[in-house]
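Chemist: To start, I am sharing the structure in question, which I have written as C-alpha cells.
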Amino acid sequence: MEFQNLLITNKGRIQYITINRESKLNALNKDTLAELHTAIAEAFQNPEVGGVIITGAGPKAFVAGADISEFAALDAVGGAQLSRTGHTEVFDLIANGSKPIIAAVNGFALGGGLELAMACHIRIASDNAKMGLPEVTLGLIPGYGGTQRLAQLVGKGKALEMILTADMITAADALQYGLVTYVVNPEELLAKAEEILNKILTRAPLALAAAIRSINAAYADGVNGYETEVAEFGKCFGTKDFKEGVAAFMEKRKAEFKGE
Ligand code: COA
C-alpha cells in the first residue's frame, strides 16, 4: 500500500517503517497513526518480513509527539476516544506483536513519540536524542500508554519525576535509566539497530513470539505471567522449529528455522 506519511523500505528480512513528516518533526497526526496501523499489520502478515525498525525522517526528530494541532477541537469524549483508538490500533498492536520491533530513536522522542518508542520491544538511541513526556505542559497527561510503560521501564519514581516535571532527558540519561539499551553516534544508529535485529532474526520465530507474549503477560491485568510462560513453553515443544533447533545442536550445525 502507498503511504503519505510513512516510508517503507525492506532490507533482507528487516522492514523499515520511517515516520515521514519531517517539517512537523514527524508528529503523529490521525492519518499517520492510521497508516502506522496498516503498515504494522501488513508487516506482521508478510512472511518475508522477520522484524521491523521504526525510525523518524531527518536528523532532528524520531517523533516530536502527537500532533498538537489536532487536539484543539477535542472534548473529554473525543480525547478518550483518541487515546483508546491509539492504544488498540497502534501502541498495543506493536507491543503485543508477533515479530520483534526496534525503535531507532534518532532525535526528539516526546509525548506520543516516546510512547511509540516504548511500545517497541527494544529501543536504541543516537547520542543527540532527547526524550520526555511533556503532556502536563499542555494540560494533559500521556495518553498512548506513557503513564504505564514509562513506569515499567524506568520504575515508578523516575517515571513520576519525568512526567510531573515534563523535563526532557538526554540519551545518556535514558541509557542509565534503562529506557534505551544502547546509545551510538547518529551515523551508526541504523547499523546498530540492524545488527541487533539481524541477530534476533537468526532465532526461532515462533519462540520469539512466545517470548514476547510471556514477558508482556507480567504486565497484563488479571493474567498470571508464570502460567502464560508454562503454556507458551509447552507450545514451543510442538513446533518444527524446536525439533530443528535441537537437531542442529546435536549435529553441531546452524539451525535453519522456518517459523513452523
Ligand atoms: N505537534 C504538531 N506540530 C509539531 C509538534 C507536535 N507535537 N512538534 C513540532 N511541531 C511542528 C512545529 O509546530 C513546527 O511547525 P511550523 O514550522 O509549521 O511552525 C515544526 O514542527 C518545527 O518545530 P519547532 O518547534 O519550530 O522546532 P524547534 O527545534 O524550535 O523545537 C521541539 C523542537 C521538539 C522542542 C518543539 O517542536 C516542541 O516542543 N514540540 C512539541 C513537543 C510536545 O509537547 N510533544 C508532546 C505532544 S503531546
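Identifiers for the C-alpha cells are assigned positionally: chains receive A, B, ... in sequence, residues are indexed from 1 per chain, and ligands are indexed from 1 in the order shown.
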Residues up to 7 Å from ligand 1, counting only C-alpha atoms and all ligand atoms: could you list those as a PyMOL selection string?
Modeler: chain A and resi 23-25+27+64-69+108+110-112+133-135+142
Chemist: Could you take the residues named above and write them with N, CA and C atoms, as a short mmCIF file (atom, residue, chain, number, x, y, z; two decimals), in the first residue's frame?
Modeler:
data_model
loop_
_atom_site.label_atom_id
_atom_site.label_comp_id
_atom_site.auth_asym_id
_atom_site.auth_seq_id
_atom_site.Cartn_x
_atom_site.Cartn_y
_atom_site.Cartn_z
N SER A 23 8.86 18.08 8.27
CA SER A 23 8.61 19.51 8.52
C SER A 23 7.84 19.71 9.82
N LYS A 24 7.15 18.69 10.30
CA LYS A 24 6.42 18.76 11.59
C LYS A 24 7.11 17.87 12.63
N LEU A 25 8.38 17.67 12.45
CA LEU A 25 9.18 16.82 13.36
C LEU A 25 8.52 15.46 13.58
N ALA A 27 5.51 14.55 13.83
CA ALA A 27 4.40 14.47 14.80
C ALA A 27 3.32 13.52 14.27
N ALA A 64 8.12 14.00 17.46
CA ALA A 64 8.03 15.04 18.50
C ALA A 64 6.67 15.05 19.17
N GLY A 65 5.95 13.93 19.10
CA GLY A 65 4.71 13.82 19.85
C GLY A 65 3.50 13.62 18.98
N ALA A 66 2.36 13.49 19.64
CA ALA A 66 1.10 13.53 18.91
C ALA A 66 0.99 14.92 18.29
N ASP A 67 0.22 15.02 17.20
CA ASP A 67 0.09 16.32 16.53
C ASP A 67 -0.81 17.23 17.36
N ILE A 68 -0.18 18.22 18.01
CA ILE A 68 -0.89 19.08 18.96
C ILE A 68 -1.99 19.87 18.25
N SER A 69 -1.79 20.17 16.97
CA SER A 69 -2.79 20.99 16.26
C SER A 69 -4.13 20.26 16.15
N PHE A 108 14.47 13.97 18.78
CA PHE A 108 13.39 14.15 19.75
C PHE A 108 12.43 12.97 19.75
N LEU A 110 9.27 12.68 21.97
CA LEU A 110 8.50 13.37 23.01
C LEU A 110 7.06 12.91 22.96
N GLY A 111 6.41 12.92 24.12
CA GLY A 111 4.99 12.58 24.16
C GLY A 111 4.72 11.28 23.42
N GLY A 112 3.79 11.34 22.46
CA GLY A 112 3.44 10.15 21.68
C GLY A 112 4.63 9.52 20.98
N LEU A 133 8.12 13.12 28.34
CA LEU A 133 6.65 13.10 28.24
C LEU A 133 6.16 14.45 28.76
N PRO A 134 6.09 15.46 27.87
CA PRO A 134 5.79 16.84 28.33
C PRO A 134 4.31 17.20 28.35
N GLU A 135 3.42 16.19 28.36
CA GLU A 135 1.98 16.47 28.20
C GLU A 135 1.42 17.43 29.25
N PRO A 142 0.07 11.80 29.46
CA PRO A 142 0.33 10.87 28.35
C PRO A 142 -0.88 9.98 28.12
#
Chemist: Using only C-alpha atoms, which residues of region 12-108 of chain A come within 10 Å of region 176-192 of chain A, and what is the closest atom pair for each, with the distance in Å to one decimal? Give it as JSON lines, sorted by chain and residue number.
Modeler:
{"residue": "A:Tyr16", "atom": "CA", "partner": "A:Leu190", "partner_atom": "CA", "distance": 9.8}
{"residue": "A:Ile53", "atom": "CA", "partner": "A:Leu190", "partner_atom": "CA", "distance": 8.4}
{"residue": "A:Ile54", "atom": "CA", "partner": "A:Leu190", "partner_atom": "CA", "distance": 9.9}
{"residue": "A:Thr55", "atom": "CA", "partner": "A:Leu190", "partner_atom": "CA", "distance": 8.7}
{"residue": "A:Pro59", "atom": "CA", "partner": "A:Pro186", "partner_atom": "CA", "distance": 8.1}
{"residue": "A:Ala103", "atom": "CA", "partner": "A:Val180", "partner_atom": "CA", "distance": 9.3}
{"residue": "A:Ala104", "atom": "CA", "partner": "A:Leu189", "partner_atom": "CA", "distance": 6.6}
{"residue": "A:Val105", "atom": "CA", "partner": "A:Leu189", "partner_atom": "CA", "distance": 8.1}
{"residue": "A:Asn106", "atom": "CA", "partner": "A:Pro186", "partner_atom": "CA", "distance": 6.7}
{"residue": "A:Gly107", "atom": "CA", "partner": "A:Pro186", "partner_atom": "CA", "distance": 8.8}
Chemist: With N, CA and C atoms kept, could you save the residues just selected as a JSON list (two decimals), in the first residue's frame?
Modeler:
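selection-v8.json, written as the output of this step:
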[["chain", "number", "residue", "atom", "x", "y", "z"],
["A", 16, "TYR", "N", 11.93, -1.44, 7.32],
["A", 16, "TYR", "CA", 12.00, -0.13, 7.94],
["A", 16, "TYR", "C", 10.65, 0.57, 7.78],
["A", 53, "ILE", "N", 12.14, -2.12, 12.02],
["A", 53, "ILE", "CA", 12.81, -0.99, 12.69],
["A", 53, "ILE", "C", 11.97, 0.25, 12.42],
["A", 54, "ILE", "N", 11.56, 0.93, 13.49],
["A", 54, "ILE", "CA", 10.82, 2.18, 13.33],
["A", 54, "ILE", "C", 11.77, 3.33, 13.63],
["A", 55, "THR", "N", 11.81, 4.33, 12.74],
["A", 55, "THR", "CA", 12.63, 5.50, 12.97],
["A", 55, "THR", "C", 11.93, 6.72, 12.39],
["A", 59, "PRO", "N", 17.29, 14.43, 10.47],
["A", 59, "PRO", "CA", 18.27, 14.30, 11.56],
["A", 59, "PRO", "C", 17.78, 14.78, 12.92],
["A", 103, "ALA", "N", 12.84, 0.37, 18.06],
["A", 103, "ALA", "CA", 12.77, 1.81, 17.82],
["A", 103, "ALA", "C", 14.20, 2.33, 17.73],
["A", 104, "ALA", "N", 14.54, 2.95, 16.59],
["A", 104, "ALA", "CA", 15.83, 3.61, 16.43],
["A", 104, "ALA", "C", 15.56, 5.10, 16.62],
["A", 105, "VAL", "N", 15.84, 5.59, 17.84],
["A", 105, "VAL", "CA", 15.45, 6.94, 18.24],
["A", 105, "VAL", "C", 16.54, 7.92, 17.80],
["A", 106, "ASN", "N", 16.22, 8.66, 16.74],
["A", 106, "ASN", "CA", 17.24, 9.46, 16.05],
["A", 106, "ASN", "C", 17.16, 10.95, 16.37],
["A", 107, "GLY", "N", 16.47, 11.32, 17.44],
["A", 107, "GLY", "CA", 16.36, 12.75, 17.79],
["A", 107, "GLY", "C", 15.25, 12.88, 18.83]]
Chemist: So how many Å separate CA of Met162 (chain A) and CA of Gln81 (chain A), to one decimal?
Modeler: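 Taking CA of Met162 (chain A) and CA of Gln81 (chain A), their separation equals 25.1 Å.
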Chemist: What residues in region 17-51 of chain A get the DSSP label strand (DSSP E or B)? Please answer as a VMD selection string.
Modeler: chain A and resid 17 to 19 28 51
Chemist: Can you spit out the residues from that selection as a CSV table (one decimal), in the first residue's frame, using all heavy atoms?
Modeler:
chain,number,residue,atom,x,y,z
A,17,ILE,N,10.1,1.1,8.9
A,17,ILE,CA,9.0,2.0,8.8
A,17,ILE,C,9.5,3.3,9.3
A,17,ILE,O,9.8,3.5,10.5
A,17,ILE,CB,7.8,1.5,9.7
A,17,ILE,CG1,7.3,0.1,9.2
A,17,ILE,CG2,6.7,2.5,9.7
A,17,ILE,CD1,6.2,-0.5,9.9
A,18,THR,N,9.6,4.3,8.4
A,18,THR,CA,10.1,5.6,8.8
A,18,THR,C,9.0,6.6,8.8
A,18,THR,O,8.3,6.8,7.8
A,18,THR,CB,11.2,6.1,7.7
A,18,THR,OG1,12.2,5.1,7.7
A,18,THR,CG2,11.8,7.4,8.1
A,19,ILE,N,8.8,7.3,10.0
A,19,ILE,CA,7.7,8.3,10.1
A,19,ILE,C,8.2,9.5,9.3
A,19,ILE,O,9.3,10.0,9.5
A,19,ILE,CB,7.5,8.7,11.5
A,19,ILE,CG1,7.4,7.5,12.5
A,19,ILE,CG2,6.2,9.6,11.6
A,19,ILE,CD1,6.3,6.6,12.3
A,28,LEU,N,2.7,12.8,15.2
A,28,LEU,CA,1.7,11.8,14.8
A,28,LEU,C,0.4,12.4,14.7
A,28,LEU,O,-0.3,12.6,15.7
A,28,LEU,CB,1.7,10.7,15.9
A,28,LEU,CG,3.0,9.9,16.1
A,28,LEU,CD1,2.9,8.9,17.3
A,28,LEU,CD2,3.4,9.1,14.8
A,51,GLY,N,11.2,-8.8,11.0
A,51,GLY,CA,11.1,-7.8,12.1
A,51,GLY,C,11.2,-6.4,11.5
A,51,GLY,O,11.4,-6.2,10.4
Chemist: If we count only C-alpha atoms, what is near Thr165 (chain A) at a cut-off of 12 Å, once residues fewer than 5 positions away on the same chain are taken out, given as a list in words?
Modeler: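 In the requested form, the answer reads Gly132, Leu133, Pro134, Glu135, Val136, Thr137, Ile141, Lys158, Ala159 and Leu160 of chain A.
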Chemist: Quick one: of A:Arg123, A:His87, A:Lys99, A:Arg13, who's nearest to Gly145 (chain A), counting only C-alpha atoms?
Modeler: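 Checking each candidate against Gly145 (chain A), we get A:His87 as the closest.
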Chemist: Which one of A:Thr85, A:Thr32, A:Asn96, A:Ser126 sits closest to Gly143 (chain A) if you count only C-alpha atoms?
Modeler: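 That would be A:Thr85, the residue with the smallest distance to Gly143 (chain A).
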Chemist: Which is closer to Lys243 (chain A) than all the others in A:Phe257, A:Phe71, A:Tyr219, A:Phe44, using only C-alpha atoms?
Modeler: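 For Lys243 (chain A), the nearest of the given residues is A:Phe257.
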Chemist: So which bits of region 28-246 of chain A end up alpha helix (DSSP H) when you DSSP the backbone, as a PyMOL selection string?
Modeler: chain A and resi 30-45+76-86+92-95+112-119+146-154+156-165+171-177+189-200+205-217+225-237+240-246
Chemist: Near Phe91 (chain A), within 9 Å and counting only C-alpha atoms, which residues show up once chain neighbours fewer than 3 positions away are dropped, as an mmCIF file with all heavy atoms, in the first residue's frame?
Modeler:
data_model
loop_
_atom_site.group_PDB
_atom_site.id
_atom_site.type_symbol
_atom_site.label_atom_id
_atom_site.label_comp_id
_atom_site.auth_asym_id
_atom_site.auth_seq_id
_atom_site.Cartn_x
_atom_site.Cartn_y
_atom_site.Cartn_z
ATOM 1 N N HIS A 37 -0.953 1.855 11.709
ATOM 2 C CA HIS A 37 -1.733 0.641 11.973
ATOM 3 C C HIS A 37 -1.654 -0.301 10.775
ATOM 4 O O HIS A 37 -1.352 -1.495 10.920
ATOM 5 C CB HIS A 37 -3.192 0.994 12.270
ATOM 6 C CG HIS A 37 -4.089 -0.207 12.289
ATOM 7 N ND1 HIS A 37 -4.159 -1.055 13.366
ATOM 8 C CD2 HIS A 37 -4.890 -0.735 11.340
ATOM 9 C CE1 HIS A 37 -4.985 -2.048 13.091
ATOM 10 N NE2 HIS A 37 -5.444 -1.881 11.866
ATOM 11 N N GLY A 86 -5.801 4.879 19.716
ATOM 12 C CA GLY A 86 -4.338 4.804 19.611
ATOM 13 C C GLY A 86 -3.791 3.561 20.283
ATOM 14 O O GLY A 86 -2.938 2.853 19.719
ATOM 15 N N HIS A 87 -4.297 3.284 21.486
ATOM 16 C CA HIS A 87 -3.854 2.088 22.218
ATOM 17 C C HIS A 87 -4.068 0.833 21.367
ATOM 18 O O HIS A 87 -3.125 0.075 21.136
ATOM 19 C CB HIS A 87 -4.677 1.910 23.502
ATOM 20 C CG HIS A 87 -4.168 2.685 24.672
ATOM 21 N ND1 HIS A 87 -3.267 2.173 25.554
ATOM 22 C CD2 HIS A 87 -4.433 3.924 25.111
ATOM 23 C CE1 HIS A 87 -3.002 3.077 26.493
ATOM 24 N NE2 HIS A 87 -3.700 4.145 26.237
ATOM 25 N N THR A 88 -5.321 0.623 20.947
ATOM 26 C CA THR A 88 -5.634 -0.659 20.314
ATOM 27 C C THR A 88 -5.045 -0.756 18.911
ATOM 28 O O THR A 88 -4.532 -1.797 18.530
ATOM 29 C CB THR A 88 -7.152 -0.905 20.251
ATOM 30 O OG1 THR A 88 -7.767 0.250 19.708
ATOM 31 C CG2 THR A 88 -7.745 -1.176 21.603
ATOM 32 N N ILE A 94 1.719 -2.929 18.419
ATOM 33 C CA ILE A 94 3.184 -3.080 18.361
ATOM 34 C C ILE A 94 3.674 -3.901 19.555
ATOM 35 O O ILE A 94 4.404 -4.885 19.398
ATOM 36 C CB ILE A 94 3.859 -1.690 18.340
ATOM 37 C CG1 ILE A 94 3.563 -0.975 17.021
ATOM 38 C CG2 ILE A 94 5.363 -1.811 18.581
ATOM 39 C CD1 ILE A 94 3.987 0.481 16.997
ATOM 40 N N ALA A 95 3.264 -3.480 20.751
ATOM 41 C CA ALA A 95 3.786 -4.115 21.970
ATOM 42 C C ALA A 95 3.471 -5.608 22.018
ATOM 43 O O ALA A 95 4.295 -6.406 22.456
ATOM 44 C CB ALA A 95 3.204 -3.422 23.206
ATOM 45 N N ASN A 96 2.267 -5.971 21.533
ATOM 46 C CA ASN A 96 1.862 -7.381 21.587
ATOM 47 C C ASN A 96 2.170 -8.112 20.285
ATOM 48 O O ASN A 96 1.665 -9.216 20.064
ATOM 49 C CB ASN A 96 0.357 -7.478 21.883
ATOM 50 C CG ASN A 96 0.033 -6.867 23.233
ATOM 51 O OD1 ASN A 96 0.821 -6.970 24.166
ATOM 52 N ND2 ASN A 96 -1.118 -6.220 23.342
ATOM 53 N N GLU A 115 6.160 7.437 23.565
ATOM 54 C CA GLU A 115 5.226 6.322 23.779
ATOM 55 C C GLU A 115 5.324 5.299 22.656
ATOM 56 O O GLU A 115 5.232 4.094 22.890
ATOM 57 C CB GLU A 115 3.794 6.869 23.909
ATOM 58 C CG GLU A 115 3.622 7.652 25.216
ATOM 59 C CD GLU A 115 2.283 8.358 25.310
ATOM 60 O OE1 GLU A 115 1.991 9.183 24.429
ATOM 61 O OE2 GLU A 115 1.528 8.088 26.261
ATOM 62 N N LEU A 116 5.545 5.785 21.436
ATOM 63 C CA LEU A 116 5.740 4.865 20.310
ATOM 64 C C LEU A 116 7.008 4.035 20.530
ATOM 65 O O LEU A 116 7.011 2.809 20.377
ATOM 66 C CB LEU A 116 5.842 5.658 18.997
ATOM 67 C CG LEU A 116 6.082 4.852 17.727
ATOM 68 C CD1 LEU A 116 4.914 3.908 17.443
ATOM 69 C CD2 LEU A 116 6.299 5.792 16.531
ATOM 70 N N MET A 118 8.402 3.385 23.331
ATOM 71 C CA MET A 118 8.237 2.490 24.480
ATOM 72 C C MET A 118 7.352 1.293 24.167
ATOM 73 O O MET A 118 7.437 0.266 24.836
ATOM 74 C CB MET A 118 7.667 3.258 25.686
ATOM 75 C CG MET A 118 8.662 4.243 26.269
ATOM 76 S SD MET A 118 8.214 4.864 27.900
ATOM 77 C CE MET A 118 6.726 5.785 27.539
ATOM 78 N N ALA A 119 6.484 1.425 23.158
ATOM 79 C CA ALA A 119 5.662 0.277 22.757
ATOM 80 C C ALA A 119 6.516 -0.760 22.008
ATOM 81 O O ALA A 119 6.162 -1.940 21.967
ATOM 82 C CB ALA A 119 4.509 0.740 21.867
ATOM 83 N N CYS A 120 7.631 -0.304 21.422
ATOM 84 C CA CYS A 120 8.515 -1.225 20.688
ATOM 85 C C CYS A 120 9.221 -2.157 21.687
ATOM 86 O O CYS A 120 9.309 -1.863 22.878
ATOM 87 C CB CYS A 120 9.535 -0.441 19.881
ATOM 88 S SG CYS A 120 8.790 0.531 18.548
ATOM 89 N N TYR A 144 -1.051 7.552 25.300
ATOM 90 C CA TYR A 144 -0.795 6.369 24.463
ATOM 91 C C TYR A 144 0.071 5.366 25.228
ATOM 92 O O TYR A 144 1.018 4.806 24.683
ATOM 93 C CB TYR A 144 -0.123 6.769 23.150
ATOM 94 C CG TYR A 144 -1.011 7.545 22.188
ATOM 95 C CD1 TYR A 144 -0.485 8.599 21.433
ATOM 96 C CD2 TYR A 144 -2.348 7.214 22.002
ATOM 97 C CE1 TYR A 144 -1.282 9.304 20.532
ATOM 98 C CE2 TYR A 144 -3.150 7.923 21.105
ATOM 99 C CZ TYR A 144 -2.610 8.954 20.381
ATOM 100 O OH TYR A 144 -3.402 9.651 19.494
ATOM 101 N N GLY A 145 -0.260 5.188 26.509
ATOM 102 C CA GLY A 145 0.428 4.161 27.294
ATOM 103 C C GLY A 145 1.598 4.670 28.113
ATOM 104 O O GLY A 145 2.238 3.902 28.828
#
Chemist: From the set A:Ala117, A:Ala109, A:Ile124, A:Ala76, which residue has the shortest atom-to-atom contact distance to Met168 (chain A), counting only C-alpha atoms?
Modeler: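 Of A:Ala117, A:Ala109, A:Ile124, A:Ala76, the one nearest Met168 (chain A) is A:Ala109, counting only C-alpha atoms.
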Chemist: Quick one, how far is CA of Ile40 (chain A) from CA of Ala209 (chain A)?
Modeler: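 Separation of CA of Ile40 (chain A) and CA of Ala209 (chain A): 15.0 Å.
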Chemist: Pick from A:Ser98, A:Lys156, A:Asp173, A:Val230: nearest to Gln45 (chain A), with only C-alpha atoms counted?
Modeler: A:Ser98
Chemist: Tell me which of A:Glu194, A:Glu70, A:Glu89, A:Asp167 sits closest to Ile122 (chain A), counting only C-alpha atoms.
Modeler: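 Using only C-alpha atoms, the shortest distance to Ile122 (chain A) belongs to A:Glu194.
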Chemist: Grab the CA of Thr170 (chain A) to CA of Ile212 (chain A) distance for me, in Å with one decimal place.
Modeler: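 Going from CA of Thr170 (chain A) over to CA of Ile212 (chain A), I get 27.7 Å.
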